[in-house]
Amino acid sequence: MSAVREGVSVPVLTRSDTLEQLPDGFAILIDKPKGITSFGAIRRLRRVFGIKKVGHAGTLDPMATGLLIVLVGRKATREQERFTGLPKVYSGAIRLGETTASYDTETPVEESKPTDHLTESDLEAARQKFVGEIEQYPPMFSAIKVGGERLYKKARRGEMIEIKPRRVTISRFDLAERRGSDVDFLVHCAKGTYIRSLAHDLGEELGVGGHLVALRREAIGPYRVEDAWGLEELVEFGGMGERG
């Protein structure tokens, strides 16, 4: 059984645990696949564990993959804030020269601009402006509630409202391989950071626009995706098979 860490009072289970005798309240590391919402993953795991009280510590968009900490049982869900407050690590790719309303691939490209003129020096100068404590506007297509309603619902109706910026901290932002207009990245950030907004803002800083085309959460605090269970592995463990 994995040890309690980071002040959390429930065990955190990884793929090295047998899951034969589950404790009364625990967290488990999941590698969320692409194309399913975080809630969709939770819904399947409720059946696996036969427990209604199941939550998670940090939403991943449907297009994103990677580490999702699932909280099973009342004791574990009470620890949610301890997990959500931990720093996070993401990898992914930003497509420069194209903008979308959602800042990712979930909505159509609205505007395109050439990127051939951008140099490595241009990217480096822009990158440096997003390291440290910065001001960031959340995407309009986000789960933030305004007036009791999620922003993405307003966005889908075409409503435009004023969004207040937030102070977020990005301790590391590396740009790696460049493949045409796509640039791979690695980000270490604090709670509340929107990687979609970071992709959009980098594109704006470069004067060509940009949006997120791939995202993977590599770590949350000391917990890493390499230690996580695959969702389908757990579904099979629970005897749900393809019915999950």
# chains A, B, ... in the order shown; residues from 1 in each chain; ligands from 1
$ residues_around --residues "range 122-136 of chain A" --least-positions-apart "6" --cutoff "10 Å" --atoms "only C-alpha atoms" --output "mmCIF file with N, CA and C atoms, in the first residue's frame"
data_model
loop_
_atom_site.group_PDB
_atom_site.id
_atom_site.type_symbol
_atom_site.label_atom_id
_atom_site.label_comp_id
_atom_site.auth_asym_id
_atom_site.auth_seq_id
_atom_site.Cartn_x
_atom_site.Cartn_y
_atom_site.Cartn_z
ATOM 1 N N LYS A 164 -12.326 38.467 -15.543
ATOM 2 C CA LYS A 164 -11.250 39.106 -14.794
ATOM 3 C C LYS A 164 -9.984 38.253 -14.851
ATOM 4 N N PRO A 165 -8.825 38.898 -14.944
ATOM 5 C CA PRO A 165 -7.566 38.138 -14.968
ATOM 6 C C PRO A 165 -7.242 37.561 -13.597
ATOM 7 N N ARG A 166 -6.397 36.536 -13.605
ATOM 8 C CA ARG A 166 -5.946 35.904 -12.371
ATOM 9 C C ARG A 166 -4.426 35.940 -12.307
ATOM 10 N N ARG A 167 -3.905 35.975 -11.097
ATOM 11 C CA ARG A 167 -2.466 35.879 -10.898
ATOM 12 C C ARG A 167 -2.118 34.404 -10.764
ATOM 13 N N VAL A 168 -1.249 33.915 -11.627
ATOM 14 C CA VAL A 168 -0.820 32.519 -11.579
ATOM 15 C C VAL A 168 0.701 32.491 -11.591
ATOM 16 N N THR A 169 1.269 31.359 -11.172
ATOM 17 C CA THR A 169 2.720 31.232 -11.120
ATOM 18 C C THR A 169 3.184 30.082 -11.998
ATOM 19 N N ILE A 170 4.067 30.406 -12.936
ATOM 20 C CA ILE A 170 4.686 29.407 -13.805
ATOM 21 C C ILE A 170 6.173 29.391 -13.475
ATOM 22 N N SER A 171 6.635 28.314 -12.858
ATOM 23 C CA SER A 171 8.030 28.253 -12.419
ATOM 24 C C SER A 171 8.971 27.807 -13.534
ATOM 25 N N ARG A 172 8.407 27.130 -14.546
ATOM 26 C CA ARG A 172 9.244 26.675 -15.665
ATOM 27 C C ARG A 172 8.391 26.584 -16.927
ATOM 28 N N PHE A 173 8.897 27.114 -18.023
ATOM 29 C CA PHE A 173 8.216 27.043 -19.314
ATOM 30 C C PHE A 173 9.289 26.855 -20.377
ATOM 31 N N ASP A 174 9.461 25.628 -20.826
ATOM 32 C CA ASP A 174 10.478 25.298 -21.815
ATOM 33 C C ASP A 174 9.831 25.041 -23.167
ATOM 34 N N LEU A 175 10.405 25.596 -24.219
ATOM 35 C CA LEU A 175 10.007 25.278 -25.581
ATOM 36 C C LEU A 175 11.052 24.335 -26.151
ATOM 37 N N VAL A 183 5.077 23.668 -31.769
ATOM 38 C CA VAL A 183 6.203 23.746 -30.845
ATOM 39 C C VAL A 183 5.878 22.917 -29.602
ATOM 40 N N VAL A 187 5.813 22.544 -19.018
ATOM 41 C CA VAL A 187 5.426 23.595 -18.069
ATOM 42 C C VAL A 187 5.360 23.040 -16.655
ATOM 43 N N HIS A 188 5.953 23.761 -15.708
ATOM 44 C CA HIS A 188 5.772 23.511 -14.272
ATOM 45 C C HIS A 188 4.999 24.713 -13.738
ATOM 46 N N CYS A 189 3.858 24.486 -13.125
ATOM 47 C CA CYS A 189 3.025 25.618 -12.716
ATOM 48 C C CYS A 189 2.288 25.342 -11.418
ATOM 49 N N ALA A 190 1.752 26.410 -10.852
ATOM 50 C CA ALA A 190 0.975 26.320 -9.625
ATOM 51 C C ALA A 190 -0.505 26.161 -9.956
ATOM 52 N N GLY A 192 -4.351 26.683 -10.636
ATOM 53 C CA GLY A 192 -5.110 27.729 -11.295
ATOM 54 C C GLY A 192 -4.602 28.156 -12.656
ATOM 55 N N THR A 193 -3.475 27.591 -13.099
ATOM 56 C CA THR A 193 -2.912 27.961 -14.392
ATOM 57 C C THR A 193 -3.662 27.255 -15.521
ATOM 58 N N TYR A 194 -4.023 28.006 -16.552
ATOM 59 C CA TYR A 194 -4.650 27.425 -17.735
ATOM 60 C C TYR A 194 -3.606 27.296 -18.840
ATOM 61 N N SER A 197 -4.693 28.964 -22.078
ATOM 62 C CA SER A 197 -4.456 30.413 -22.094
ATOM 63 C C SER A 197 -2.983 30.712 -22.352
ATOM 64 N N LEU A 198 -2.109 29.891 -21.810
ATOM 65 C CA LEU A 198 -0.678 30.074 -22.041
ATOM 66 C C LEU A 198 -0.355 29.923 -23.526
ATOM 67 N N ASP A 201 -1.748 33.015 -25.294
ATOM 68 C CA ASP A 201 -0.998 34.227 -24.977
ATOM 69 C C ASP A 201 0.387 34.231 -25.629
ATOM 70 N N LEU A 202 1.019 33.048 -25.718
ATOM 71 C CA LEU A 202 2.313 32.968 -26.399
ATOM 72 C C LEU A 202 2.147 33.375 -27.866
ATOM 73 N N GLY A 203 1.106 32.865 -28.499
ATOM 74 C CA GLY A 203 0.842 33.222 -29.890
ATOM 75 C C GLY A 203 0.589 34.707 -30.067
ATOM 76 N N GLU A 204 -0.140 35.306 -29.120
ATOM 77 C CA GLU A 204 -0.408 36.748 -29.190
ATOM 78 C C GLU A 204 0.876 37.546 -29.023
ATOM 79 N N GLU A 205 1.733 37.107 -28.116
ATOM 80 C CA GLU A 205 3.000 37.794 -27.887
ATOM 81 C C GLU A 205 3.873 37.763 -29.144
ATOM 82 N N LEU A 206 3.789 36.668 -29.904
ATOM 83 C CA LEU A 206 4.567 36.522 -31.132
ATOM 84 C C LEU A 206 3.899 37.199 -32.326
#
$ residues_around --residues "range 63-75 of chain A" --least-positions-apart "2" --cutoff "6 Å" --atoms "only C-alpha atoms" --output "MDAnalysis selection string"
chainID A and resid 25:35 53:57 60:61 77:78 215:217 225
$ select_by_dssp --residues "range 62-205 of chain A" --states "helix (DSSP H, G or I)" --output "PyMOL selection string"
chain A and resi 74-77+80-84+120-128+151-156+195-205
$ write_last_selection --atoms "C-alpha atoms" --output "mmCIF file, in the first residue's frame"
data_model
loop_
_atom_site.group_PDB
_atom_site.id
_atom_site.type_symbol
_atom_site.label_atom_id
_atom_site.label_comp_id
_atom_site.auth_asym_id
_atom_site.auth_seq_id
_atom_site.Cartn_x
_atom_site.Cartn_y
_atom_site.Cartn_z
ATOM 1 C CA ARG A 74 -15.937 10.162 1.803
ATOM 2 C CA LYS A 75 -12.613 10.195 3.668
ATOM 3 C CA ALA A 76 -10.753 10.751 0.405
ATOM 4 C CA THR A 77 -13.055 13.399 -1.084
ATOM 5 C CA GLN A 80 -9.603 17.230 -2.313
ATOM 6 C CA GLU A 81 -8.162 20.673 -1.582
ATOM 7 C CA ARG A 82 -4.874 19.184 -0.366
ATOM 8 C CA PHE A 83 -4.397 17.504 -3.745
ATOM 9 C CA THR A 84 -5.659 20.373 -5.916
ATOM 10 C CA GLU A 120 14.350 30.768 -32.261
ATOM 11 C CA SER A 121 15.291 34.105 -30.722
ATOM 12 C CA ASP A 122 11.714 35.334 -31.188
ATOM 13 C CA LEU A 123 10.348 32.278 -29.388
ATOM 14 C CA GLU A 124 12.884 32.567 -26.592
ATOM 15 C CA ALA A 125 12.126 36.240 -25.982
ATOM 16 C CA ALA A 126 8.382 35.529 -25.883
ATOM 17 C CA ARG A 127 8.787 32.458 -23.656
ATOM 18 C CA GLN A 128 10.652 34.389 -20.982
ATOM 19 C CA LEU A 151 -18.533 29.886 -18.799
ATOM 20 C CA TYR A 152 -18.438 27.294 -21.588
ATOM 21 C CA LYS A 153 -22.252 27.189 -21.634
ATOM 22 C CA LYS A 154 -22.370 30.932 -22.157
ATOM 23 C CA ALA A 155 -19.672 30.665 -24.835
ATOM 24 C CA ARG A 156 -21.607 28.013 -26.748
ATOM 25 C CA ILE A 195 -2.307 25.866 -20.291
ATOM 26 C CA ARG A 196 -4.763 26.760 -23.070
ATOM 27 C CA SER A 197 -4.456 30.413 -22.094
ATOM 28 C CA LEU A 198 -0.678 30.074 -22.041
ATOM 29 C CA ALA A 199 -0.729 28.718 -25.610
ATOM 30 C CA HIS A 200 -3.016 31.528 -26.735
ATOM 31 C CA ASP A 201 -0.998 34.227 -24.977
ATOM 32 C CA LEU A 202 2.313 32.968 -26.399
ATOM 33 C CA GLY A 203 0.842 33.222 -29.890
ATOM 34 C CA GLU A 204 -0.408 36.748 -29.190
ATOM 35 C CA GLU A 205 3.000 37.794 -27.887
#
$ closest_residue --among "A:Val208, A:Val89, A:Ile220, A:Leu186" --to "His117 in chain A" --atoms "only C-alpha atoms"
A:Val208
$ closest_residue --among "A:Ala219, A:Ile42, A:Val48, A:Leu86" --to "Phe237 in chain A" --atoms "only C-alpha atoms"
A:Val48
$ select_by_dssp --residues "range 45-179 of chain A" --states "strand (DSSP E)" --output "PyMOL selection string"
chain A and resi 54-56+65-72+88-96+98-100+109-112+132-136+145-146+149-150+166-179
